[in-house]
Amino acid sequence: MDPIEPHPPIVFDESGAPFSARFGDVFRSRSGARAEAREVFVEGCALPQRWRALHRPEARIARPFAVLELGFGAGLNFLETLAAWREAAPLGLRLHFVSIEAHPLTRTDLARVHEALGADAADAARLRARWPLALPGMHAIEFDDAGVVLHLCLGDASRMLEKLQMAADAVFLDGFAPARNPAMWDEATMRAVARLARPGAPFATWTAAAAVRDALVAAGFDVERVAGHGGKRHRLQGRYAPRWRSFPAPPAPRDWPSNDVLVVGAGLAGAAAAAGFARRGWNVQVVEAQALPAGGGSGQPLAADHLHLSIDDNVLARLTRAGLSARDWLADDGTPPPDGKLVLDADDEQSEKRIAMLAALRFPAEFARHADRAEASELAGVALPRGALWLPCAHVEDPRALVRRWLACDAIALRTGTRVERLERDDLGWRAFGADGKAIARAAIVVLANAADALRLGASSSIRMRAMHGQSTWLARECLPGLRRALSGLAWAAPAEERILVGATFEAGDCIGFSPEADASNLRRLARMFAASAAQTDDWARSARSASVGVRWSSADRVASIGEMPDEASAGIDAERLVRDARLPLPRAPGMYGAFGLGARGVLWACLAARCLPALADGSPAPIESDLLRAIDPARFLRRKLRKERER
């Protein structure tokens with residue numbers, strides 16, 4: 001994705017209105033910003049009346065109601081929508097406000113604008129407190145115990161609209177004036193908005209420009225011109241009413257027979273998914289085959305957030321960033337602040353490449369920057385041979401403690417020492433059976449978070465998984481006495497109270513026995529990373545002890561599988577059509593989701609599952625872009641398998 005260009009510092013015109021030097025236009029009407037937001041957008045889309053009509057006090061799971069906005073600015077439309085939502089107090093609904101902004105304000109400028117325009121102090125303060133770094137992609141801020149979710153999409157409107165997966169119940173068009181920012185209002189943009197709108201969804205905008213009206217009509221909107229706000233002669237409002245469609249309508253909200261979820265597996269993936277569903281109002285049953293949670297590959301002493309950065313900001317880089325954002329979303333009061341991590345340069349050439357990459361990406365320094373040797377050594381607390389990539393947002397934490405914290409919720413029931421032998425689906429959802437043939441649990445939907453065994457329960461042969469042996473090693477604290485932050489590069493090292501954890505191997509194999517060679521491999525890589533002398537390496541070897549060993553399952557492309565499981569039996573019956581036409585959707589196993597293949601990025605992928613799976617289940621706006629959803633889709637390998645079988 002293109003780098004984000006934050007908005008230049010706000011100025012105020014002679015009337016005291018906040019003014020954009022970039023676009024040569026005011027941020028809000030000079031005749032009353034809050035009144036304009038309420039009259040033009042909230043009332044223009046008849047939101048309070050529509051919410052009252054959708055009032056569902058008996059609802060088991062809140063139905064999503066989504067507003068799509070172009071042009072977040074200082075967030076006045078969102079804040080007024082939030083206030084109107086509270087006044088209407090609709091039960092059985094959750095408000096999702098999806099807003100696109102290419103040039104976000106700084107937190108300081110937000111405060112100045114909020115004060116100048118008289119925004120609600122408490123809500124504006126919460127918005128600023130959770131204001132994201134200027135990183136491209138989607139960011140979530142929750143209000144009212146997650147009853148209201150602001151999805152702030154940072155990036156160019158035309159590109160972000162292509163990547164959104166949502167069904168808009170209302171549309172706010174609030175960019176700068178068409179003459180100042182024509183790309184926000186052109187026909188292609190309006191068509192992209194139409195693709196996301198439900199039939200009948202109202203739209204509202206403050207402008208009455210003829211070009212905007214024509215673009216809306218061409219995209220399938222019925223448009224009417226009404227009296228403008230604050231002395232302005234006219235504005236436009238209307239609804240999406242296409243006479244034909246060249247793309248399918250957004251799906252209707254899902255209605256499950258109950259609000260019960262069964263999660264198979266209580267490692268990182270299962271615990272995070274359970275916490276994500278519980279946070280959205282589901283009752284969750286977690287069944288774990290081992291005697292304790294986090295007993296498999298998740299049972300490591302420490303795990304770090306392994307962020308990936310690339311000069312082209314590729315899919316893996318964006319996915320790991322989305323995982324970090326999801327980690328923050330899943331955090332609670334018990335989550336420690338990030339310690340940060342240093343990724344050492346291998347040599348001078350890599351140092352130069354990283355500096356050039358960061359210059360091209362233009363990420364905020366609070367997210368990533370390059371530290372020279374002196375600064376990197378100061379940050380690490382030990383002398384380093386080279387500079388490093390400094391990632392201050394990265395966490396290092398005991399994954400077992402994370403699992404315990406995620407499972408510590410009244411809406412989550414945990415059953416250990418029980419293996420799910422088979423699953424059956426009926427009109428009420430899914431039933432799980434144990435080895436003795438007795439029913440273990442029943443739920444409307446099931447989440448397979450049990451590593452490679454998910455392929456058995458999900459009847460999947462298209463997903464290729466590899467067992468990766470991982471062993472870490474303890475070093476005495478005196479080996480690296482000053483180390484105060486995690487380091488990675490050729491090896492990984494992090495302080496853990498009175499010891500140093502080094503690791504970990506990531507080699508093919510499913511053996512769970514300790515290997516002296518694995519410890520030796522960890523130490524060799526650590527010595528190369530530090531350019532350690534032979535004597536120093538020998539000292540480390542004398543203090544080394546095996547720390548932990550486990551098997552981590554990784555998909556063939558090293559990206560986790562998160563999403564709705566494919567129905568491979570049905571796909572096989574219809575293989576010829578599915579191979580011939582790639583636009584046809586693959587059949588899915590209704591109500592069956594997966595979260596497995598986490599590999600070496602267990603925490604980030606687990607948090608991503610917690611964020612994505614509940615949204616996919618209840619039909620909320622997807623919290624990540626559609627191309628990222630495709631990259632983690634458990635069905636991503638199926639069409640390739642069908643094609644190969646057909647060619648035989």
# chains A, B, ... in the order shown; residues from 1 in each chain; ligands from 1
$ closest_atom_pairs --of "segment 515-634 of chain A" --to "segment 444-464 of chain A" --cutoff "7 Å" --atoms "only C-alpha atoms" --output "JSON lines"
{"residue": "A:Trp553", "atom": "CA", "partner": "A:Ala451", "partner_atom": "CA", "distance": 6.3}
{"residue": "A:Ser555", "atom": "CA", "partner": "A:Arg464", "partner_atom": "CA", "distance": 5.9}
{"residue": "A:Ala556", "atom": "CA", "partner": "A:Arg464", "partner_atom": "CA", "distance": 5.7}
{"residue": "A:Glu568", "atom": "CA", "partner": "A:Ser460", "partner_atom": "CA", "distance": 6.5}
{"residue": "A:Gly591", "atom": "CA", "partner": "A:Ile445", "partner_atom": "CA", "distance": 4.5}
{"residue": "A:Met592", "atom": "CA", "partner": "A:Val446", "partner_atom": "CA", "distance": 5.0}
{"residue": "A:Tyr593", "atom": "CA", "partner": "A:Val447", "partner_atom": "CA", "distance": 4.7}
{"residue": "A:Gly594", "atom": "CA", "partner": "A:Leu448", "partner_atom": "CA", "distance": 4.6}
{"residue": "A:Ala595", "atom": "CA", "partner": "A:Ala449", "partner_atom": "CA", "distance": 4.9}
{"residue": "A:Phe596", "atom": "CA", "partner": "A:Ala451", "partner_atom": "CA", "distance": 4.9}
{"residue": "A:Gly597", "atom": "CA", "partner": "A:Ala451", "partner_atom": "CA", "distance": 6.0}
$ residues_around --residues "Ala204 of chain A" --least-positions-apart "3" --cutoff "7 Å" --atoms "only C-alpha atoms" --output "list of chain:residue names"
A:Val40, A:Phe41, A:Gly44, A:Cys45, A:Val171, A:Phe172, A:Leu173, A:Leu236, A:Gln237, A:Gly238
$ write_last_selection --atoms "N, CA, C and O atoms" --output "mmCIF file, in the first residue's frame"
data_model
loop_
_atom_site.group_PDB
_atom_site.id
_atom_site.type_symbol
_atom_site.label_atom_id
_atom_site.label_comp_id
_atom_site.auth_asym_id
_atom_site.auth_seq_id
_atom_site.Cartn_x
_atom_site.Cartn_y
_atom_site.Cartn_z
ATOM 1 N N VAL A 40 -27.221 17.229 8.262
ATOM 2 C CA VAL A 40 -26.927 16.760 6.908
ATOM 3 C C VAL A 40 -26.745 15.251 6.868
ATOM 4 O O VAL A 40 -27.291 14.580 5.976
ATOM 5 N N PHE A 41 -26.021 14.704 7.824
ATOM 6 C CA PHE A 41 -25.649 13.296 7.722
ATOM 7 C C PHE A 41 -26.528 12.379 8.572
ATOM 8 O O PHE A 41 -27.138 11.443 8.049
ATOM 9 N N GLY A 44 -30.044 13.303 7.605
ATOM 10 C CA GLY A 44 -30.157 13.126 6.158
ATOM 11 C C GLY A 44 -30.286 11.666 5.755
ATOM 12 O O GLY A 44 -30.915 11.340 4.743
ATOM 13 N N CYS A 45 -29.696 10.775 6.560
ATOM 14 C CA CYS A 45 -29.839 9.331 6.321
ATOM 15 C C CYS A 45 -30.897 8.696 7.216
ATOM 16 O O CYS A 45 -31.026 7.462 7.234
ATOM 17 N N VAL A 171 -24.541 5.786 3.863
ATOM 18 C CA VAL A 171 -23.307 6.308 3.287
ATOM 19 C C VAL A 171 -23.229 7.809 3.541
ATOM 20 O O VAL A 171 -24.168 8.553 3.232
ATOM 21 N N PHE A 172 -22.100 8.251 4.115
ATOM 22 C CA PHE A 172 -21.797 9.669 4.289
ATOM 23 C C PHE A 172 -20.708 10.041 3.276
ATOM 24 O O PHE A 172 -19.631 9.433 3.274
ATOM 25 N N LEU A 173 -20.975 11.026 2.445
ATOM 26 C CA LEU A 173 -19.979 11.525 1.492
ATOM 27 C C LEU A 173 -19.530 12.896 1.981
ATOM 28 O O LEU A 173 -20.242 13.881 1.836
ATOM 29 N N LEU A 236 -27.333 17.239 -1.407
ATOM 30 C CA LEU A 236 -27.885 16.035 -2.019
ATOM 31 C C LEU A 236 -28.101 14.945 -0.981
ATOM 32 O O LEU A 236 -27.319 14.809 -0.024
ATOM 33 N N GLN A 237 -29.164 14.202 -1.176
ATOM 34 C CA GLN A 237 -29.377 12.986 -0.413
ATOM 35 C C GLN A 237 -30.200 12.032 -1.275
ATOM 36 O O GLN A 237 -30.708 12.416 -2.328
ATOM 37 N N GLY A 238 -30.305 10.807 -0.852
ATOM 38 C CA GLY A 238 -31.050 9.837 -1.652
ATOM 39 C C GLY A 238 -30.797 8.441 -1.143
ATOM 40 O O GLY A 238 -30.459 8.230 0.026
#
$ select_by_dssp --residues "segment 139-256 of chain A" --states "alpha helix (DSSP H)" --output "MDAnalysis selection string"
chainID A and resid 157:163 187:196 210:218
$ residues_around --residues "Leu117 of chain A" --least-positions-apart "2" --cutoff "8 Å" --atoms "only C-alpha atoms" --output "list of chain:residue names"
A:Ala17, A:Gly32, A:Ala33, A:Arg34, A:Val113, A:His114, A:Glu115, A:Ala119
$ atom_distance --atom1 "atom CA of Ala37 of chain A" --atom2 "atom CA of Ala252 of chain A"
28.3 Å
$ residues_around --residues "Arg128 of chain A" --least-positions-apart "6" --cutoff "12 Å" --atoms "only C-alpha atoms" --output "PyMOL selection string"
chain A and resi 74-75+79+104-114+119+121-122+141
$ atom_distance --atom1 "atom CA of Glu36 of chain A" --atom2 "atom CA of Leu161 of chain A"
25.2 Å
$ residues_around --residues "Leu628 of chain A" --least-positions-apart "2" --cutoff "9 Å" --atoms "only C-alpha atoms" --output "list in words"
Lys163, Val315, Leu316, Arg318, Leu319, Ile624, Glu625, Ser626, Arg630, Ala631, Ile632 and Asp633 of chain A
$ write_last_selection --atoms "C-alpha atoms" --output "short mmCIF file (atom, residue, chain, number, x, y, z; two decimals), in the first residue's frame"
data_model
loop_
_atom_site.label_atom_id
_atom_site.label_comp_id
_atom_site.auth_asym_id
_atom_site.auth_seq_id
_atom_site.Cartn_x
_atom_site.Cartn_y
_atom_site.Cartn_z
CA LYS A 163 -10.34 -3.59 -0.40
CA VAL A 315 0.82 -8.95 2.01
CA LEU A 316 2.90 -10.58 4.73
CA ARG A 318 0.47 -5.90 6.12
CA LEU A 319 -0.80 -9.09 7.75
CA ILE A 624 -8.83 -6.23 7.49
CA GLU A 625 -8.72 -5.67 3.75
CA SER A 626 -10.23 -8.23 1.37
CA ARG A 630 -7.95 -14.05 0.81
CA ALA A 631 -4.32 -14.56 1.86
CA ILE A 632 -5.37 -16.29 5.11
CA ASP A 633 -8.47 -18.05 3.73
#
$ residues_around --residues "segment 292-303 of chain A" --least-positions-apart "6" --cutoff "6 Å" --atoms "only C-alpha atoms" --output "PyMOL selection string"
chain A and resi 266-268+396-398+400+550-552
$ write_last_selection --atoms "C-alpha atoms" --output "short mmCIF file (atom, residue, chain, number, x, y, z; two decimals), in the first residue's frame"
data_model
loop_
_atom_site.label_atom_id
_atom_site.label_comp_id
_atom_site.auth_asym_id
_atom_site.auth_seq_id
_atom_site.Cartn_x
_atom_site.Cartn_y
_atom_site.Cartn_z
CA ALA A 266 -6.90 -24.21 23.83
CA GLY A 267 -3.54 -23.07 22.55
CA LEU A 268 -2.87 -19.53 21.37
CA VAL A 396 7.57 -10.06 24.24
CA GLU A 397 5.43 -12.12 26.60
CA ASP A 398 4.85 -15.56 28.07
CA ARG A 400 1.01 -19.37 28.48
CA GLY A 550 7.50 -28.30 20.79
CA VAL A 551 6.04 -28.74 17.35
CA ARG A 552 4.65 -25.75 15.51
#
$ residues_around --residues "segment 579-584 of chain A" --least-positions-apart "5" --cutoff "7 Å" --atoms "only C-alpha atoms" --output "list of chain:residue names"
A:Arg639, A:Leu642, A:Arg643
$ write_last_selection --atoms "N, CA and C atoms" --output "tab-separated table (two decimals), in the first residue's frame"
chain	number	residue	atom	x	y	z
A	639	ARG	N	-8.76	-24.48	-4.97
A	639	ARG	CA	-8.95	-24.39	-6.42
A	639	ARG	C	-7.71	-24.94	-7.16
A	642	LEU	N	-8.05	-28.69	-7.13
A	642	LEU	CA	-9.05	-29.15	-8.10
A	642	LEU	C	-8.49	-29.09	-9.52
A	643	ARG	N	-7.72	-28.04	-9.81
A	643	ARG	CA	-7.15	-27.90	-11.15
A	643	ARG	C	-6.16	-29.02	-11.43
$ select_by_dssp --residues "segment 109-252 of chain A" --states "strand (DSSP E)" --output "PyMOL selection string"
chain A and resi 137-143+148-154+170-173+202-205+221-227+234-240
$ write_last_selection --atoms "C-alpha atoms" --output "PDB file, in the first residue's frame"
ATOM      1  CA  GLY A 137      -4.589  -0.087   6.580  1.00  0.00           C
ATOM      2  CA  MET A 138      -7.503  -0.542   8.954  1.00  0.00           C
ATOM      3  CA  HIS A 139      -7.587   0.437  12.620  1.00  0.00           C
ATOM      4  CA  ALA A 140     -10.373  -0.118  15.165  1.00  0.00           C
ATOM      5  CA  ILE A 141     -11.455   2.071  18.088  1.00  0.00           C
ATOM      6  CA  GLU A 142     -14.287   0.835  20.299  1.00  0.00           C
ATOM      7  CA  PHE A 143     -16.839   2.792  22.307  1.00  0.00           C
ATOM      8  CA  VAL A 148     -19.901   0.914  18.691  1.00  0.00           C
ATOM      9  CA  VAL A 149     -16.807   0.253  16.567  1.00  0.00           C
ATOM     10  CA  LEU A 150     -15.009   2.890  14.533  1.00  0.00           C
ATOM     11  CA  HIS A 151     -13.079   1.306  11.667  1.00  0.00           C
ATOM     12  CA  LEU A 152     -10.612   3.966  10.572  1.00  0.00           C
ATOM     13  CA  CYS A 153      -9.225   3.111   7.133  1.00  0.00           C
ATOM     14  CA  LEU A 154      -6.063   5.043   6.365  1.00  0.00           C
ATOM     15  CA  ALA A 170     -25.884   4.205   5.101  1.00  0.00           C
ATOM     16  CA  VAL A 171     -23.307   6.308   3.287  1.00  0.00           C
ATOM     17  CA  PHE A 172     -21.797   9.669   4.289  1.00  0.00           C
ATOM     18  CA  LEU A 173     -19.979  11.525   1.492  1.00  0.00           C
ATOM     19  CA  PRO A 202     -29.492   6.073   2.053  1.00  0.00           C
ATOM     20  CA  PHE A 203     -26.660   8.477   1.331  1.00  0.00           C
ATOM     21  CA  ALA A 204     -26.127  12.090   2.337  1.00  0.00           C
ATOM     22  CA  THR A 205     -23.672  14.829   1.446  1.00  0.00           C
ATOM     23  CA  PHE A 221     -28.385   6.032  -6.684  1.00  0.00           C
ATOM     24  CA  ASP A 222     -31.689   7.867  -6.659  1.00  0.00           C
ATOM     25  CA  VAL A 223     -30.736  11.470  -5.933  1.00  0.00           C
ATOM     26  CA  GLU A 224     -32.759  14.412  -4.676  1.00  0.00           C
ATOM     27  CA  ARG A 225     -31.687  17.984  -4.055  1.00  0.00           C
ATOM     28  CA  VAL A 226     -32.823  19.425  -0.719  1.00  0.00           C
ATOM     29  CA  ALA A 227     -32.256  22.622   1.217  1.00  0.00           C
ATOM     30  CA  HIS A 234     -28.816  22.964  -1.644  1.00  0.00           C
ATOM     31  CA  ARG A 235     -27.347  19.598  -0.770  1.00  0.00           C
ATOM     32  CA  LEU A 236     -27.885  16.035  -2.019  1.00  0.00           C
ATOM     33  CA  GLN A 237     -29.377  12.986  -0.413  1.00  0.00           C
ATOM     34  CA  GLY A 238     -31.050   9.837  -1.652  1.00  0.00           C
ATOM     35  CA  ARG A 239     -30.729   6.057  -1.630  1.00  0.00           C
ATOM     36  CA  TYR A 240     -29.100   3.238  -3.513  1.00  0.00           C
TER      37      TYR A 240
END
$ closest_atom_pairs --of "segment 301-385 of chain A" --to "segment 494-498 of chain A" --cutoff "12 Å" --atoms "only C-alpha atoms" --output "CSV"
residue,atom,partner,partner_atom,distance
A:Pro301,CA,A:Ala496,CA,8.4
A:Leu302,CA,A:Ala496,CA,7.9
A:Ala303,CA,A:Ala494,CA,9.3
A:Ala304,CA,A:Ala494,CA,8.9
A:Asp339,CA,A:Ala494,CA,10.5
A:Gly340,CA,A:Ala494,CA,10.9
A:Lys341,CA,A:Ala494,CA,9.1
A:Leu342,CA,A:Ala494,CA,10.3
A:Val343,CA,A:Ala494,CA,11.9
A:Ala380,CA,A:Ala494,CA,9.9
A:Gly381,CA,A:Pro495,CA,10.8
A:Val382,CA,A:Pro495,CA,11.7
$ closest_residue --among "A:Arg542, A:His103, A:Arg362, A:Arg405" --to "Leu70 of chain A" --atoms "only C-alpha atoms"
A:His103
$ closest_residue --among "A:Leu613, A:Ala35, A:Leu127, A:Ala167" --to "Pro64 of chain A" --atoms "only C-alpha atoms"
A:Ala167
$ atom_distance --atom1 "atom CA of Phe247 of chain A" --atom2 "atom CA of Glu576 of chain A"
22.8 Å
